[in-house]
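target.json, holding JSON, C-alpha atoms:
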```json
[["chain", "number", "residue", "atom", "x", "y", "z"],
["M", 388, "MET", "CA", -28.94, 52.06, -71.10],
["M", 389, "ILE", "CA", -27.12, 49.79, -73.53],
["M", 390, "ASP", "CA", -28.58, 48.47, -76.79],
["M", 391, "ASN", "CA", -29.55, 44.84, -77.49],
["M", 392, "LYS", "CA", -26.34, 44.02, -79.36],
["M", 393, "THR", "CA", -24.10, 45.31, -76.56],
["M", 394, "PHE", "CA", -26.27, 43.57, -73.95],
["M", 395, "ILE", "CA", -26.03, 40.20, -75.71],
["M", 396, "ILE", "CA", -22.29, 40.49, -76.43],
["M", 397, "GLY", "CA", -21.61, 41.66, -72.87],
["M", 398, "GLY", "CA", -23.68, 38.79, -71.47],
["M", 399, "ILE", "CA", -21.87, 36.22, -73.60],
["M", 400, "VAL", "CA", -18.46, 37.62, -72.63],
["M", 401, "ILE", "CA", -19.35, 37.41, -68.92],
["M", 402, "ALA", "CA", -20.64, 33.84, -69.36],
["M", 403, "LEU", "CA", -17.47, 32.83, -71.21],
["M", 404, "LEU", "CA", -15.29, 34.44, -68.52],
["M", 405, "ILE", "CA", -17.17, 32.47, -65.86],
["M", 406, "GLY", "CA", -16.44, 29.34, -67.92],
["M", 407, "VAL", "CA", -12.72, 30.13, -68.12],
["M", 408, "VAL", "CA", -12.51, 30.80, -64.38],
["M", 409, "ALA", "CA", -14.45, 27.56, -63.77],
["M", 410, "VAL", "CA", -11.79, 25.50, -65.57],
["M", 411, "PHE", "CA", -9.02, 26.75, -63.28],
["M", 412, "MET", "CA", -10.86, 27.38, -60.02],
["M", 413, "ALA", "CA", -13.67, 24.82, -59.84],
["M", 414, "SER", "CA", -13.57, 22.63, -56.76],
["M", 415, "SER", "CA", -12.69, 18.99, -57.34],
["M", 416, "ASP", "CA", -14.81, 17.96, -54.36],
["M", 417, "PRO", "CA", -17.98, 16.01, -55.18],
["M", 418, "ASP", "CA", -21.16, 18.06, -55.55],
["M", 419, "GLY", "CA", -24.01, 17.95, -53.03],
["M", 420, "LEU", "CA", -25.68, 14.89, -54.55],
["M", 421, "GLU", "CA", -22.41, 12.96, -54.94],
["M", 422, "SER", "CA", -21.33, 13.90, -51.41],
["M", 423, "THR", "CA", -24.65, 12.62, -50.08],
["M", 424, "ALA", "CA", -24.12, 9.36, -51.98],
["M", 425, "LEU", "CA", -20.69, 9.00, -50.32],
["M", 426, "VAL", "CA", -22.18, 9.77, -46.90],
["M", 427, "VAL", "CA", -24.99, 7.22, -47.17],
["M", 428, "GLN", "CA", -22.50, 4.64, -48.47],
["M", 429, "GLY", "CA", -20.32, 5.20, -45.40],
["M", 430, "GLN", "CA", -17.34, 6.56, -47.33],
["M", 431, "LYS", "CA", -17.52, 10.11, -45.99],
["M", 432, "GLU", "CA", -18.52, 11.80, -42.77],
["M", 433, "LEU", "CA", -21.42, 14.25, -43.13],
["M", 434, "THR", "CA", -19.36, 17.32, -42.27],
["M", 435, "GLY", "CA", -15.89, 15.93, -42.93],
["M", 436, "ALA", "CA", -13.57, 16.20, -45.91],
["M", 437, "THR", "CA", -13.96, 13.79, -48.80],
["M", 438, "PRO", "CA", -11.28, 11.05, -48.65],
["M", 439, "GLU", "CA", -9.12, 10.93, -51.78],
["M", 440, "ASN", "CA", -9.99, 7.31, -52.52],
["M", 441, "ALA", "CA", -13.73, 7.80, -52.02],
["M", 442, "GLU", "CA", -15.69, 6.47, -54.97],
["M", 443, "ILE", "CA", -19.45, 6.23, -55.42],
["M", 444, "GLN", "CA", -20.63, 2.62, -55.66],
["M", 445, "GLU", "CA", -23.15, 2.36, -58.46],
["M", 446, "ASP", "CA", -25.53, -0.50, -59.15],
["M", 447, "PRO", "CA", -25.90, -0.63, -62.95],
["M", 448, "ASN", "CA", -28.72, -3.20, -62.83],
["M", 449, "GLY", "CA", -31.87, -1.81, -64.42],
["M", 450, "LYS", "CA", -30.17, 1.52, -65.10],
["M", 451, "PHE", "CA", -29.38, 3.22, -68.38],
["M", 452, "SER", "CA", -25.79, 3.89, -69.38],
["M", 453, "TYR", "CA", -24.58, 6.61, -71.73],
["M", 454, "GLU", "CA", -21.12, 7.82, -72.68],
["M", 455, "SER", "CA", -21.15, 11.54, -73.45],
["M", 456, "PRO", "CA", -18.68, 12.99, -75.97],
["M", 457, "MET", "CA", -17.22, 15.54, -73.50],
["M", 458, "PRO", "CA", -17.58, 14.09, -70.00],
["M", 459, "ASP", "CA", -16.92, 16.43, -67.07],
["M", 460, "TYR", "CA", -16.74, 19.49, -69.36],
["M", 461, "SER", "CA", -13.44, 18.29, -70.77],
["M", 462, "LEU", "CA", -11.98, 17.10, -74.06],
["M", 463, "GLY", "CA", -9.82, 14.59, -72.20],
["M", 464, "GLU", "CA", -6.50, 14.82, -70.39],
["M", 465, "ARG", "CA", -4.62, 15.23, -73.69],
["M", 466, "PHE", "CA", -6.07, 18.72, -74.18],
["M", 467, "GLY", "CA", -5.77, 19.83, -70.54],
["M", 468, "PRO", "CA", -7.29, 23.12, -69.37],
["M", 469, "LEU", "CA", -7.55, 24.43, -72.94],
["M", 470, "GLY", "CA", -9.86, 21.51, -73.74],
["M", 471, "GLY", "CA", -11.95, 22.40, -70.69],
["M", 472, "MET", "CA", -12.27, 26.00, -71.84],
["M", 473, "VAL", "CA", -13.26, 24.91, -75.35],
["M", 474, "ALA", "CA", -15.83, 22.46, -73.95],
["M", 475, "ILE", "CA", -17.47, 25.00, -71.63],
["M", 476, "ALA", "CA", -17.38, 27.74, -74.29],
["M", 477, "ALA", "CA", -18.99, 25.38, -76.81],
["M", 478, "GLY", "CA", -21.67, 24.43, -74.28],
["M", 479, "THR", "CA", -22.33, 28.06, -73.36],
["M", 480, "ILE", "CA", -22.78, 29.14, -76.99],
["M", 481, "LEU", "CA", -24.80, 26.02, -77.81],
["M", 482, "ALA", "CA", -27.15, 26.58, -74.85],
["M", 483, "LEU", "CA", -27.74, 30.14, -76.06],
["M", 484, "LEU", "CA", -28.32, 29.06, -79.68],
["M", 485, "ILE", "CA", -30.69, 26.23, -78.71],
["M", 486, "VAL", "CA", -32.79, 28.45, -76.43],
["M", 487, "VAL", "CA", -33.02, 31.26, -79.00],
["M", 488, "GLY", "CA", -33.58, 28.73, -81.81],
["M", 489, "ALA", "CA", -36.39, 27.13, -79.81],
["M", 490, "ILE", "CA", -38.08, 30.50, -79.32],
["M", 491, "TYR", "CA", -37.91, 31.38, -83.02],
["M", 492, "SER", "CA", -39.14, 27.88, -83.97],
["M", 493, "ILE", "CA", -42.12, 28.23, -81.62],
["M", 494, "LYS", "CA", -42.91, 31.71, -82.95],
["M", 495, "ILE", "CA", -42.66, 30.61, -86.58],
["M", 496, "ALA", "CA", -44.78, 27.48, -85.93],
["M", 497, "GLY", "CA", -47.32, 29.63, -84.08],
["M", 498, "LYS", "CA", -47.62, 32.07, -87.00],
["M", 499, "ALA", "CA", -47.93, 29.22, -89.51],
["M", 500, "THR", "CA", -50.92, 27.72, -87.68],
["M", 501, "LYS", "CA", -52.78, 31.05, -87.47],
["K", 1332, "MET", "CA", -27.71, 18.10, -57.98],
["K", 1333, "HIS", "CA", -27.74, 16.63, -61.49],
["K", 1334, "ILE", "CA", -28.93, 13.04, -61.02],
["K", 1335, "PRO", "CA", -26.90, 10.55, -63.12],
["K", 1336, "ASP", "CA", -28.45, 7.59, -64.93],
["K", 1337, "ALA", "CA", -27.08, 5.14, -62.38],
["K", 1338, "PHE", "CA", -29.14, 6.64, -59.53],
["K", 1339, "ILE", "CA", -32.69, 5.97, -60.79],
["K", 1340, "PRO", "CA", -34.12, 2.76, -62.35],
["K", 1341, "ILE", "CA", -35.33, 3.25, -65.94],
["K", 1342, "PRO", "CA", -39.09, 2.77, -65.22],
["K", 1343, "GLN", "CA", -39.02, 5.50, -62.56],
["K", 1344, "GLY", "CA", -37.01, 7.69, -64.92],
["K", 1345, "ILE", "CA", -39.74, 7.31, -67.54],
["K", 1346, "VAL", "CA", -42.39, 8.45, -65.04],
["K", 1347, "TYR", "CA", -40.37, 11.58, -64.22],
["K", 1348, "TRP", "CA", -39.86, 12.21, -67.95],
["K", 1349, "ILE", "CA", -43.64, 12.08, -68.56],
["K", 1350, "ILE", "CA", -44.30, 14.57, -65.74],
["K", 1351, "ALA", "CA", -41.46, 16.79, -66.97],
["K", 1352, "LEU", "CA", -42.77, 16.75, -70.54],
["K", 1353, "VAL", "CA", -46.14, 18.07, -69.35],
["K", 1354, "PHE", "CA", -44.36, 21.08, -67.82],
["K", 1355, "VAL", "CA", -42.08, 21.46, -70.85],
["K", 1356, "ALA", "CA", -45.20, 21.57, -73.07],
["K", 1357, "LEU", "CA", -46.70, 24.24, -70.80],
["K", 1358, "ALA", "CA", -43.40, 26.13, -70.95],
["K", 1359, "LEU", "CA", -43.43, 26.00, -74.75],
["K", 1360, "ARG", "CA", -46.99, 27.36, -74.72],
["K", 1361, "TRP", "CA", -45.83, 30.13, -72.38],
["K", 1362, "ALA", "CA", -42.95, 30.95, -74.73],
["K", 1363, "LYS", "CA", -45.32, 31.05, -77.71],
["K", 1364, "ASN", "CA", -47.90, 33.30, -76.03],
["K", 1365, "GLU", "CA", -45.92, 35.41, -73.59],
["K", 1366, "MET", "CA", -42.43, 35.73, -75.01],
["K", 1367, "SER", "CA", -42.15, 39.04, -76.82],
["K", 1368, "ASP", "CA", -39.31, 39.76, -79.23],
["K", 1369, "GLU", "CA", -37.98, 42.33, -76.76],
["K", 1370, "LYS", "CA", -37.31, 39.56, -74.23],
["K", 1371, "ILE", "CA", -35.17, 37.45, -76.57],
["K", 1372, "PRO", "CA", -31.84, 39.16, -75.69],
["K", 1373, "ILE", "CA", -32.31, 38.54, -71.99],
["K", 1374, "VAL", "CA", -33.40, 34.93, -72.52],
["K", 1375, "ALA", "CA", -30.30, 34.38, -74.67],
["K", 1376, "VAL", "CA", -27.98, 35.87, -72.06],
["K", 1377, "LEU", "CA", -29.67, 33.96, -69.22],
["K", 1378, "ALA", "CA", -29.27, 30.66, -71.12],
["K", 1379, "ALA", "CA", -25.54, 31.30, -71.66],
["K", 1380, "GLY", "CA", -25.04, 32.56, -68.10],
["K", 1381, "ILE", "CA", -26.94, 29.72, -66.44],
["K", 1382, "PHE", "CA", -24.98, 27.13, -68.44],
["K", 1383, "ALA", "CA", -21.67, 28.72, -67.44],
["K", 1384, "LEU", "CA", -22.67, 29.11, -63.78],
["K", 1385, "GLN", "CA", -23.83, 25.49, -63.59],
["K", 1386, "SER", "CA", -20.43, 24.31, -64.89],
["K", 1387, "PHE", "CA", -18.62, 26.14, -62.07],
["K", 1388, "ASN", "CA", -18.38, 24.00, -58.94],
["K", 1389, "LEU", "CA", -17.65, 26.23, -55.97],
["K", 1390, "PRO", "CA", -16.20, 24.83, -52.75],
["K", 1391, "VAL", "CA", -18.82, 24.91, -50.00],
["K", 1392, "SER", "CA", -16.81, 23.25, -47.18],
["K", 1393, "MET", "CA", -17.44, 19.79, -45.70],
["K", 1394, "GLY", "CA", -15.61, 18.16, -48.63],
["K", 1395, "THR", "CA", -18.37, 19.26, -50.95],
["K", 1396, "SER", "CA", -18.76, 21.56, -53.93],
["K", 1397, "GLY", "CA", -21.85, 23.10, -55.44],
["K", 1398, "HIS", "CA", -22.91, 25.09, -58.43],
["K", 1399, "LEU", "CA", -25.70, 27.50, -59.01],
["K", 1400, "VAL", "CA", -28.97, 26.33, -60.52],
["K", 1401, "GLY", "CA", -30.47, 29.57, -61.78],
["K", 1402, "GLY", "CA", -34.12, 28.49, -61.69],
["K", 1403, "ALA", "CA", -35.18, 31.31, -59.39],
["K", 1404, "LEU", "CA", -33.09, 33.82, -61.35],
["K", 1405, "ALA", "CA", -34.74, 32.95, -64.68],
["K", 1406, "ALA", "CA", -38.24, 32.91, -63.19],
["K", 1407, "ILE", "CA", -37.81, 36.22, -61.34],
["K", 1408, "VAL", "CA", -36.15, 38.10, -64.22],
["K", 1409, "LEU", "CA", -38.59, 36.84, -66.87],
["K", 1410, "GLY", "CA", -41.64, 37.01, -64.60],
["K", 1411, "SER", "CA", -42.82, 33.42, -64.92],
["K", 1412, "PRO", "CA", -41.91, 30.02, -63.47],
["K", 1413, "PHE", "CA", -42.28, 28.62, -66.99],
["K", 1414, "ALA", "CA", -39.30, 30.72, -68.05],
["K", 1415, "ALA", "CA", -37.21, 28.62, -65.66],
["K", 1416, "VAL", "CA", -38.69, 25.38, -66.98],
["K", 1417, "PHE", "CA", -37.98, 26.49, -70.56],
["K", 1418, "ILE", "CA", -34.37, 27.59, -70.05],
["K", 1419, "ILE", "CA", -33.31, 24.97, -67.48],
["K", 1420, "ALA", "CA", -34.79, 22.09, -69.55],
["K", 1421, "LEU", "CA", -32.83, 23.14, -72.64],
["K", 1422, "VAL", "CA", -29.63, 23.73, -70.63],
["K", 1423, "LEU", "CA", -30.04, 20.28, -69.03],
["K", 1424, "ILE", "CA", -30.37, 18.67, -72.47],
["K", 1425, "VAL", "CA", -27.04, 20.22, -73.57],
["K", 1426, "GLN", "CA", -25.38, 19.23, -70.28],
["K", 1427, "GLY", "CA", -26.69, 15.66, -70.28],
["K", 1428, "VAL", "CA", -26.16, 14.83, -73.94],
["K", 1429, "LEU", "CA", -22.79, 16.52, -74.51],
["K", 1430, "PHE", "CA", -21.14, 16.61, -71.09],
["K", 1431, "GLY", "CA", -22.62, 13.72, -69.13],
["K", 1432, "ASP", "CA", -23.68, 16.17, -66.40],
["K", 1433, "GLY", "CA", -26.96, 14.56, -65.39],
["K", 1434, "GLY", "CA", -28.24, 11.40, -67.02],
["K", 1435, "ILE", "CA", -30.49, 10.79, -70.03],
["K", 1436, "THR", "CA", -33.16, 8.66, -68.33],
["K", 1437, "THR", "CA", -32.92, 10.90, -65.26],
["K", 1438, "MET", "CA", -33.20, 14.13, -67.25],
["K", 1439, "GLY", "CA", -36.93, 14.23, -66.55],
["K", 1440, "ALA", "CA", -36.26, 14.14, -62.81],
["K", 1441, "ASN", "CA", -33.61, 16.84, -63.18],
["K", 1442, "ILE", "CA", -36.01, 19.05, -65.18],
["K", 1443, "ILE", "CA", -38.66, 18.56, -62.48],
["K", 1444, "ASN", "CA", -36.25, 19.37, -59.63],
["K", 1445, "MET", "CA", -34.27, 22.30, -60.99],
["K", 1446, "GLY", "CA", -36.66, 23.70, -63.60],
["K", 1447, "VAL", "CA", -40.16, 23.02, -62.32],
["K", 1448, "ILE", "CA", -39.72, 22.96, -58.52],
["K", 1449, "GLY", "CA", -36.88, 25.50, -58.60],
["K", 1450, "GLY", "CA", -38.78, 27.78, -60.96],
["K", 1451, "PHE", "CA", -42.12, 27.65, -59.16],
["K", 1452, "ILE", "CA", -40.63, 27.89, -55.65],
["K", 1453, "GLY", "CA", -38.32, 30.71, -56.79],
["K", 1454, "PHE", "CA", -41.02, 32.69, -58.54],
["K", 1455, "TYR", "CA", -43.85, 32.42, -56.03],
["K", 1456, "SER", "CA", -41.69, 32.80, -52.94],
["K", 1457, "PHE", "CA", -40.14, 35.93, -54.54],
["K", 1458, "LYS", "CA", -43.61, 37.31, -55.29],
["K", 1459, "GLY", "CA", -44.86, 36.56, -51.78],
["K", 1460, "LEU", "CA", -41.77, 37.93, -50.07],
["K", 1461, "MET", "CA", -41.81, 41.09, -52.21],
["K", 1462, "GLY", "CA", -45.39, 41.65, -51.09],
["K", 1463, "MET", "CA", -44.38, 41.31, -47.46],
["K", 1464, "THR", "CA", -40.95, 42.98, -47.37],
["K", 1465, "ARG", "CA", -40.88, 45.27, -50.47],
["K", 1466, "SER", "CA", -37.18, 44.45, -50.54],
["K", 1467, "MET", "CA", -35.77, 42.94, -53.73],
["K", 1468, "PRO", "CA", -32.47, 41.75, -52.18],
["K", 1469, "VAL", "CA", -34.18, 40.03, -49.23],
["K", 1470, "SER", "CA", -36.88, 38.49, -51.45],
["K", 1471, "ALA", "CA", -34.49, 37.38, -54.20],
["K", 1472, "PHE", "CA", -32.00, 35.92, -51.71],
["K", 1473, "LEU", "CA", -34.58, 33.87, -49.84],
["K", 1474, "ALA", "CA", -36.37, 32.82, -53.04],
["K", 1475, "ALA", "CA", -33.11, 31.64, -54.63],
["K", 1476, "TRP", "CA", -32.06, 29.91, -51.39],
["K", 1477, "LEU", "CA", -35.37, 28.04, -51.25],
["K", 1478, "ALA", "CA", -35.16, 27.27, -54.98],
["K", 1479, "CYS", "CA", -31.84, 25.54, -54.29],
["K", 1480, "LEU", "CA", -32.83, 23.77, -51.06],
["K", 1481, "ILE", "CA", -36.32, 22.46, -51.91],
["K", 1482, "PRO", "CA", -35.30, 20.81, -55.23],
["K", 1483, "ALA", "CA", -32.41, 19.15, -53.37],
["K", 1484, "LEU", "CA", -34.85, 17.73, -50.80],
["K", 1485, "ALA", "CA", -37.10, 16.59, -53.65],
["K", 1486, "ALA", "CA", -34.08, 14.86, -55.21],
["K", 1487, "ALA", "CA", -33.41, 13.13, -51.87],
["K", 1488, "VAL", "CA", -36.99, 11.79, -51.83],
["K", 1489, "GLU", "CA", -36.58, 10.59, -55.44],
["K", 1490, "MET", "CA", -33.32, 8.89, -54.43],
["K", 1491, "PHE", "CA", -35.19, 7.18, -51.59],
["K", 1492, "MET", "CA", -37.90, 5.95, -53.97],
["K", 1493, "ALA", "CA", -35.17, 4.73, -56.32],
["K", 1494, "GLY", "CA", -33.56, 2.78, -53.48],
["K", 1495, "THR", "CA", -30.34, 4.81, -53.83],
["K", 1496, "PHE", "CA", -30.41, 6.78, -50.54],
["K", 1497, "PRO", "CA", -32.08, 6.02, -47.21],
["K", 1498, "LEU", "CA", -34.69, 8.74, -46.62],
["K", 1499, "GLU", "CA", -33.51, 10.36, -43.40],
["K", 1500, "ALA", "CA", -29.77, 10.37, -44.14],
["K", 1501, "GLY", "CA", -30.40, 11.51, -47.70],
["K", 1502, "LEU", "CA", -32.64, 14.40, -46.65],
["K", 1503, "LEU", "CA", -30.18, 15.46, -43.94],
["K", 1504, "ALA", "CA", -27.09, 15.48, -46.15],
["K", 1505, "MET", "CA", -28.80, 16.95, -49.22],
["K", 1506, "GLY", "CA", -30.46, 19.56, -47.00],
["K", 1507, "ILE", "CA", -27.25, 20.63, -45.25],
["K", 1508, "TYR", "CA", -25.11, 20.80, -48.40],
["K", 1509, "HIS", "CA", -27.71, 22.66, -50.46],
["K", 1510, "ALA", "CA", -28.62, 25.04, -47.64],
["K", 1511, "ILE", "CA", -25.00, 26.24, -47.93],
["K", 1512, "ILE", "CA", -24.92, 26.15, -51.74],
["K", 1513, "GLY", "CA", -28.19, 28.13, -51.64],
["K", 1514, "ILE", "CA", -26.45, 31.03, -49.86],
["K", 1515, "VAL", "CA", -24.15, 31.44, -52.88],
["K", 1516, "GLU", "CA", -27.16, 31.02, -55.17],
["K", 1517, "GLY", "CA", -28.95, 33.80, -53.30],
["K", 1518, "ILE", "CA", -26.03, 36.23, -53.42],
["K", 1519, "VAL", "CA", -25.38, 35.66, -57.14],
["K", 1520, "THR", "CA", -29.10, 35.97, -57.93],
["K", 1521, "ILE", "CA", -29.23, 39.39, -56.26],
["K", 1522, "GLY", "CA", -26.07, 40.47, -58.09],
["K", 1523, "VAL", "CA", -27.33, 39.40, -61.52],
["K", 1524, "ILE", "CA", -30.72, 41.09, -60.99],
["K", 1525, "TYR", "CA", -28.99, 44.35, -59.98],
["K", 1526, "LEU", "CA", -26.67, 44.08, -62.99],
["K", 1527, "ILE", "CA", -29.55, 43.62, -65.44],
["K", 1528, "VAL", "CA", -31.63, 46.36, -63.79],
["K", 1529, "ASN", "CA", -28.67, 48.70, -64.14],
["K", 1530, "VAL", "CA", -27.89, 48.08, -67.79],
["K", 1531, "ARG", "CA", -31.37, 47.28, -69.16],
["K", 1532, "PRO", "CA", -34.12, 48.25, -66.72],
["K", 1533, "ASP", "CA", -36.68, 47.95, -69.52],
["K", 1534, "LEU", "CA", -36.11, 44.18, -69.78],
["K", 1535, "VAL", "CA", -37.06, 43.28, -66.22],
["K", 1536, "ASP", "CA", -39.89, 44.08, -63.87],
["K", 1537, "VAL", "CA", -38.95, 42.83, -60.44],
["K", 1538, "GLY", "CA", -40.21, 45.77, -58.43],
["K", 1539, "VAL", "CA", -36.81, 47.40, -58.17],
["K", 1540, "LYS", "CA", -35.77, 50.57, -59.92],
["K", 1541, "ARG", "CA", -32.33, 51.62, -61.09],
["K", 1542, "PRO", "CA", -30.24, 52.90, -58.22],
["K", 1543, "ALA", "CA", -30.22, 56.70, -58.13],
["K", 1544, "GLY", "CA", -27.49, 58.12, -60.32],
["K", 1545, "ALA", "CA", -26.84, 54.83, -62.12]]
```

Taking this structure as input, can you express it in the form of structure tokens?
Amino acid sequence: MIDNKTFIIGGIVIALLIGVVAVFMASSDPDGLESTALVVQGQKELTGATPENAEIQEDPNGKFSYESPMPDYSLGERFGPLGGMVAIAAGTILALLIVVGAIYSIKIAGKATK
Amino acid sequence: MHIPDAFIPIPQGIVYWIIALVFVALALRWAKNEMSDEKIPIVAVLAAGIFALQSFNLPVSMGTSGHLVGGALAAIVLGSPFAAVFIIALVLIVQGVLFGDGGITTMGANIINMGVIGGFIGFYSFKGLMGMTRSMPVSAFLAAWLACLIPALAAAVEMFMAGTFPLEAGLLAMGIYHAIIGIVEGIVTIGVIYLIVNVRPDLVDVGVKRPAGA
């Protein structure tokens, strides 16, 4: 049985490796929801390949719009795959820190109200 | 199945946010009362792992890709559906705000689908199947498969109510694509549970012991 430190470091290393592999091996096909949007919009057959020029038609009326700083897990074309790795690694570490930070905050707040 | 902002009108998004916040509040209460310090390492690793797995779009044929959700995994490993709500909600906030994966006004719907529905379906179907089969791999596979498929069908219904998809075609396509993605979800869920049971059996209680000799 490994100790907590080894478990956490090992877990983070595996997560980061998944992120690195994702940058190079992730499919460029649309995900299930996007594929469904293309199907219902008549741009793609249900079981067929996604045409290269297929693009989801969006109706922005009454919808919110937001530009994220690192869209599509990338730092932009200028930084290439390295930017993708940095983006996913940053997200992975941030997700971990936010979840652990939230737990400690809840615990500390809970003790303070006792 | 991260719903972008453009797929749901703002008023409907607000309704989903309100429902999601109720479950997030319950998840915070669960974390306060049930989360022991011993569980923190596994929660930390699950958060990192689920983020990474969700960023990895695997090809699933039919011109479609899919990534794992991890709701069933979190709920099974931590022994509560609220664990999934807690982790998935925070992961979705990072994804939506920083990476534009899932919208801001639709984040409530995404938390409901992947965290709440995925977590509850994953946890209770695992519990029920373990009672019937006494087999962790069978139970975890089916629970994870359902926790991928059912949230996708829920998303299709939400898309119908938003006027984005017709109901029948949306359910059919979402169902077919996520039934396939769910197979990968099931296999990875089994693998991760075995991995954790092997290295830290004290951190999980899923009714499976360390393999002999491990």

Close residues, Glu442 (chain M) itself excluded, 12 Å, all atoms listed in the file, min 4 positions apart in chain, as a ChimeraX atom specification: /M:416-417,421-426,428-431,437-438

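Taking CA of Pro1482 (chain K) and CA of Met1445 (chain K) as the two end points, the separation is 6.0 Å.
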
Would you list the contacts of Pro1335 (chain K) as a compact mmCIF listing (two decimals) with C-alpha atoms, in the frame of the given file, taking every protein, DNA or RNA residue within 7 Å and counting only C-alpha atoms, but skipping same-chain residues closer than 5 positions in sequence?
```txt
# COMPACT_ATOMS: atom_id res chain seq x y z
CA GLY K 1433 -26.96 14.56 -65.39
CA GLY K 1434 -28.24 11.40 -67.02
CA THR K 1437 -32.92 10.90 -65.26
```

Report as a PDB file with C-alpha atoms, in the frame of the given file all protein, DNA and RNA residues lying within 7 Å of Ser1456 (chain K), evaluated on all atoms listed in the file, omitting residues in the same chain fewer than 4 positions from it.
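Now in part_36.pdb:
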```pdb
ATOM      1  CA  ILE K1452     -40.630  27.890 -55.650  1.00  0.00           C
ATOM      2  CA  LEU K1460     -41.770  37.930 -50.070  1.00  0.00           C
ATOM      3  CA  ALA K1474     -36.370  32.820 -53.040  1.00  0.00           C
TER       4      ALA K1474
END
```

Quick one: residues within 9 Å of region 1364-1367 of chain K, all atoms listed in the file, excluding same-chain residues fewer than 5 positions away - as number ranges by chain? M: 490, 494, 497; K: 1359

Filtering to C-alpha atoms, could you give me those residues as an mmCIF file, keeping the file's coordinate frame?
```cif
data_model
loop_
_atom_site.group_PDB
_atom_site.id
_atom_site.type_symbol
_atom_site.label_atom_id
_atom_site.label_comp_id
_atom_site.auth_asym_id
_atom_site.auth_seq_id
_atom_site.Cartn_x
_atom_site.Cartn_y
_atom_site.Cartn_z
ATOM 1 C CA ILE M 490 -38.080 30.500 -79.320
ATOM 2 C CA LYS M 494 -42.910 31.710 -82.950
ATOM 3 C CA GLY M 497 -47.320 29.630 -84.080
ATOM 4 C CA LEU K 1359 -43.430 26.000 -74.750
#
```

Between M:Ile443, M:Leu420, M:Ala496, M:Met472, which residue has the minimum interatomic distance to chain K, considering all atoms listed in the file? M:Leu420

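Surrounding residues of (-46.6, 30.4, -65.5) at most 12 Å away are K:Phe1354, K:Val1355, K:Ala1356, K:Leu1357, K:Ala1358, K:Leu1359, K:Arg1360, K:Trp1361, K:Ala1362, K:Asn1364, K:Glu1365, K:Met1366, K:Ala1406, K:Ile1407, K:Leu1409, K:Gly1410, K:Ser1411, K:Pro1412, K:Phe1413, K:Ala1414, K:Ala1415, K:Val1416, K:Phe1417, K:Val1447, K:Gly1450, K:Phe1451, K:Ile1452, K:Phe1454, K:Tyr1455 (based on all atoms listed in the file).
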
Work out how far apart CA of Asp418 (chain M) and CA of Gly1397 (chain K) are and give it in Å to one decimal.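 CA of Gly1397 (chain K) lies 5.1 Å from CA of Asp418 (chain M).
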
In Å, rounded to a single decimal, give me how far CA of Gly1394 (chain K) is from CA of Gln444 (chain M).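 For CA of Gln444 (chain M) relative to CA of Gly1394 (chain K), the distance reads 17.8 Å.
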
Residue with the minimum atom-to-atom distance to Ala476 (chain M), picked from M:Ala489, M:Ile395, M:Ala499, M:Val407 with all atoms listed in the file counted, is M:Val407

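With all atoms listed in the file as the basis for measurement, K:Val1530 is the residue among K:Val1535, K:Met1467, K:Leu1502, K:Val1530 that approaches chain M most closely.
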
Got a sec: who's within 10 Å of Val1346 (chain K), counting all atoms listed in the file, leaving out chain neighbours fewer than 6 positions off, as a list in words?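 Skipping anything fewer than 6 positions along the chain leaves Leu1352, Thr1436, Thr1437, Gly1439 and Ala1440 of chain K.
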
Local residues around (-23.9, 29.1, -60.4), at most 9 Å away, using only C-alpha atoms, as a PyMOL selection string: chain K and resi 1380-1389+1397-1401+1515-1516+1519-1520

Those selected residues, please, written with C-alpha atoms and delivered as a short mmCIF file (atom, residue, chain, number, x, y, z; two decimals), in the coordinates of the input.
```cif
data_model
loop_
_atom_site.label_atom_id
_atom_site.label_comp_id
_atom_site.auth_asym_id
_atom_site.auth_seq_id
_atom_site.Cartn_x
_atom_site.Cartn_y
_atom_site.Cartn_z
CA GLY K 1380 -25.04 32.56 -68.10
CA ILE K 1381 -26.94 29.72 -66.44
CA PHE K 1382 -24.98 27.13 -68.44
CA ALA K 1383 -21.67 28.72 -67.44
CA LEU K 1384 -22.67 29.11 -63.78
CA GLN K 1385 -23.83 25.49 -63.59
CA SER K 1386 -20.43 24.31 -64.89
CA PHE K 1387 -18.62 26.14 -62.07
CA ASN K 1388 -18.38 24.00 -58.94
CA LEU K 1389 -17.65 26.23 -55.97
CA GLY K 1397 -21.85 23.10 -55.44
CA HIS K 1398 -22.91 25.09 -58.43
CA LEU K 1399 -25.70 27.50 -59.01
CA VAL K 1400 -28.97 26.33 -60.52
CA GLY K 1401 -30.47 29.57 -61.78
CA VAL K 1515 -24.15 31.44 -52.88
CA GLU K 1516 -27.16 31.02 -55.17
CA VAL K 1519 -25.38 35.66 -57.14
CA THR K 1520 -29.10 35.97 -57.93
#
```

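Minimum atom-to-atom distance to chain K, evaluated using all atoms listed in the file, belongs to M:Ala436 out of M:Ile495, M:Ala441, M:Ala436, M:Ala474.
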
Check the smallest atom-to-atom distance from each of K:Leu1473, K:Leu1429, K:Ile1521, K:Ala1487 to chain M using only C-alpha atoms, then report the winner. K:Leu1429

Counting only C-alpha atoms, the residue among M:Gly488, M:Pro447, M:Gly478, M:Gly419 that lies closest to Ala402 (chain M) is M:Gly478

Is it possible to get the axis-aligned box enclosing region 457-465 of chain M (all listed atoms, 4 Å extra per side) as lines of an AutoDock Vina configuration file, with centre and edge lengths in Å rounded to one decimal?
```
center_x = -11.1
center_y = 16.8
center_z = -70.6
size_x = 21.0
size_y = 13.4
size_z = 15.0
```
